[in-house]
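Quick notes on the structure that follows.
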Amino acid sequence: MASVASTPKRSPPLGSLKSVFSRVGAQNHGSGKRKFGASSSGSVAGSDDSIEEDGTMELMQLGADRAKNVLILMSDTGGGHRASAEAIRDAFKLEFGDEYNVKSAFPSWFHIIIKDVWKEYTGWPLNDMERQYKFMIKHVQLWKVAFHSTSPRWIHSMYLAAIAAFYAKEVEAGLMEYKPDIIISVHPLMQHIPLWVLKWQGLQKKVIFVTVITDLNSCHPTWFHPGVNRCYCPSEEVAKRASLDGLEDSQIRVFGLPVRPSFARAVLVKDELREELDMDPHLPAVLLMGGGEGMGPVKKTAEALGESLFDEELAKPIGQLIIICGRNKSLAASLESSEWKIPVKIRGFEKQMEKWMGACDCIITKAGPGTIAEALIRGLPIILNDYIPGQEKGNVPYVVDNGAGVFTRSPKETAKIVAEWFSTNTEELKKMSENALKLAKPEAVFEIVRDMHDLACQRGPLVNFPYMLTSSFTSLI
């Protein structure tokens, strides 16, 4: 990376810059420096009178009380990153709805944008990360090798520096387009290159950059960058790792995992939910989750539960089963064609999980951080039946060691545990529910956005705030 930084700057060819200038909406890009200001309506206004002579373009944002732009960087490599981004956006709306001007969405002074910068602004392999991630998760040993082999700092630093040499110019153009006052990263690969862009533009002390970690316990080291203003950690375990990786105590905050406000603050009554969802009002209920893609041993576990939750002596069920198949239509069809001795509801992709969780008494799921955080808020004892190596492995001891659940990959063992919880071991179920509620952090997302707001207030009015399209990266192409 040092050798790249020491490379003498050269003027980029006009053709290579045309796409960048057009992307940020600039005209007359030959030899001028064009200033832009935020108009009273929030649009960007330009004037040919503001052309300078040094071949760069500057954004002059005028007015101390102008709207603040918040850019949330994410990638759809797993559903948790987008879910956290949307939770943060919604919390800004609820917490500061009367104070911030969110363009075309909510009345506020914050214009909040969620973007997958890699997909929209770069080329291969970054713009194809979603498909690559899904492939590796299906061949999980590939993901395990990728996760651990890139963990050493010298390896991922070289990898990211190489990526920057090819695509940092495009990232710079993306920042130019959105002109953020606050940048929020909810993905481990969204720190280094944007921070390098800010540093080379001289904006590192003007733009607030924060990281919101979306892994509960075991994290990839790329999450931790010493150049951030804040690193929001979901647990003390993650905070310790941040400290070991060089972050100062003043940079680290432990609030919890951001969960969407509609879930975190939902006021639910189990009896009313069961009536609304057409469930048995008396039988205890177990929620079996297959994730958004309906993956894992869902069918085998459902069949085992169908047997264990039926009392052969009394010839009646001792529990009911709710199965969330996600987008896996073949799984749903297969389950619907089965004959069941207990009450069973089979659902596809659900957008109101707070209701199904609120109507149940325990949950079976893989160790995804978002589902765990939501289950804790609802006070559900958790049976973890699988995890993705690397980032999800540490979620198992996080749940088990805190007495909020158990781990087993065996469908028969899972069914046995649930049957005992619903019959002879109800005290353990109750105790784990209490422990889950103790571990839950429903206000985490609000504490995170309040702290960001405090950071923004500490910076004071953002007047004459320059964004320049520089040659800092074009010289690398």
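Letters A, B, ... go to the chains of the structure tokens in the order shown; residues in each chain start at 1; ligands are counted from 1 in the same order.
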
Strand (DSSP E) per DSSP on the backbone: members of region 297-427 of chain A, as a short mmCIF file (atom, residue, chain, number, x, y, z; two decimals) with N, CA and C atoms, in the first residue's frame:
```cif
data_model
loop_
_atom_site.label_atom_id
_atom_site.label_comp_id
_atom_site.auth_asym_id
_atom_site.auth_seq_id
_atom_site.Cartn_x
_atom_site.Cartn_y
_atom_site.Cartn_z
N PHE A 310 -46.84 -35.29 20.32
CA PHE A 310 -48.11 -36.02 20.39
C PHE A 310 -48.01 -37.09 21.47
N ASP A 311 -48.89 -36.99 22.47
CA ASP A 311 -48.91 -37.96 23.57
C ASP A 311 -49.70 -39.19 23.13
N LYS A 316 -53.46 -37.26 22.27
CA LYS A 316 -53.69 -35.85 21.99
C LYS A 316 -52.36 -35.09 21.96
N PRO A 317 -52.32 -33.97 21.29
CA PRO A 317 -51.07 -33.20 21.21
C PRO A 317 -50.76 -32.47 22.51
N GLN A 320 -48.02 -27.25 19.72
CA GLN A 320 -48.30 -26.94 18.32
C GLN A 320 -47.04 -26.39 17.67
N LEU A 321 -46.99 -26.47 16.35
CA LEU A 321 -45.77 -26.16 15.60
C LEU A 321 -46.05 -25.11 14.52
N ILE A 322 -45.21 -24.08 14.49
CA ILE A 322 -45.24 -23.07 13.43
C ILE A 322 -43.94 -23.19 12.64
N ILE A 323 -44.03 -23.37 11.32
CA ILE A 323 -42.84 -23.54 10.49
C ILE A 323 -42.75 -22.38 9.51
N ILE A 324 -41.62 -21.67 9.53
CA ILE A 324 -41.36 -20.58 8.60
C ILE A 324 -40.39 -21.08 7.54
N VAL A 344 -50.34 -27.72 13.10
CA VAL A 344 -49.16 -27.21 12.38
C VAL A 344 -49.58 -26.09 11.45
N LYS A 345 -48.80 -25.02 11.46
CA LYS A 345 -49.00 -23.94 10.49
C LYS A 345 -47.71 -23.79 9.70
N ILE A 346 -47.85 -23.77 8.38
CA ILE A 346 -46.70 -23.67 7.48
C ILE A 346 -46.76 -22.34 6.76
N ARG A 347 -45.74 -21.55 6.94
CA ARG A 347 -45.71 -20.20 6.38
C ARG A 347 -44.52 -20.04 5.45
N CYS A 362 -41.10 -20.91 22.37
CA CYS A 362 -39.67 -21.15 22.15
C CYS A 362 -39.41 -21.16 20.66
N ILE A 363 -38.14 -21.16 20.27
CA ILE A 363 -37.79 -21.07 18.86
C ILE A 363 -36.65 -22.00 18.53
N ILE A 364 -36.67 -22.56 17.32
CA ILE A 364 -35.60 -23.39 16.79
C ILE A 364 -35.06 -22.68 15.55
N THR A 365 -33.76 -22.40 15.51
CA THR A 365 -33.20 -21.62 14.42
C THR A 365 -31.71 -21.84 14.33
N ILE A 382 -34.08 -20.47 23.13
CA ILE A 382 -33.62 -20.72 21.77
C ILE A 382 -32.94 -22.09 21.69
N ILE A 383 -33.35 -22.88 20.71
CA ILE A 383 -32.61 -24.09 20.35
C ILE A 383 -31.88 -23.79 19.05
N LEU A 384 -30.55 -23.69 19.12
CA LEU A 384 -29.73 -23.45 17.94
C LEU A 384 -29.40 -24.78 17.30
N GLY A 405 -30.56 -20.61 26.02
CA GLY A 405 -30.90 -21.65 25.06
C GLY A 405 -29.90 -22.78 25.07
N VAL A 406 -30.05 -23.69 24.10
CA VAL A 406 -29.18 -24.86 23.98
C VAL A 406 -28.78 -25.01 22.51
N PHE A 407 -27.79 -25.88 22.27
CA PHE A 407 -27.35 -26.16 20.91
C PHE A 407 -27.35 -27.65 20.65
#
```

Item to complete: Can you list, as number ranges by chain, all residues belonging to region 173-319 of chain A that DSSP tags as helix (DSSP H, G or I)?
Response: A: 173-178, 192-200, 221-223, 236-244, 249-251, 261-264, 270-276, 298-308

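When only C-alpha atoms are used to compute distances to Trp196 (chain A), the closest of the residues A:Ile184, A:Leu216, A:Leu126, A:Val228 turns out to be A:Val228.
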
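When only C-alpha atoms are used to compute distances to Val269 (chain A), the closest of the residues A:Cys360, A:Leu73, A:Ile318, A:Ala239 turns out to be A:Cys360.
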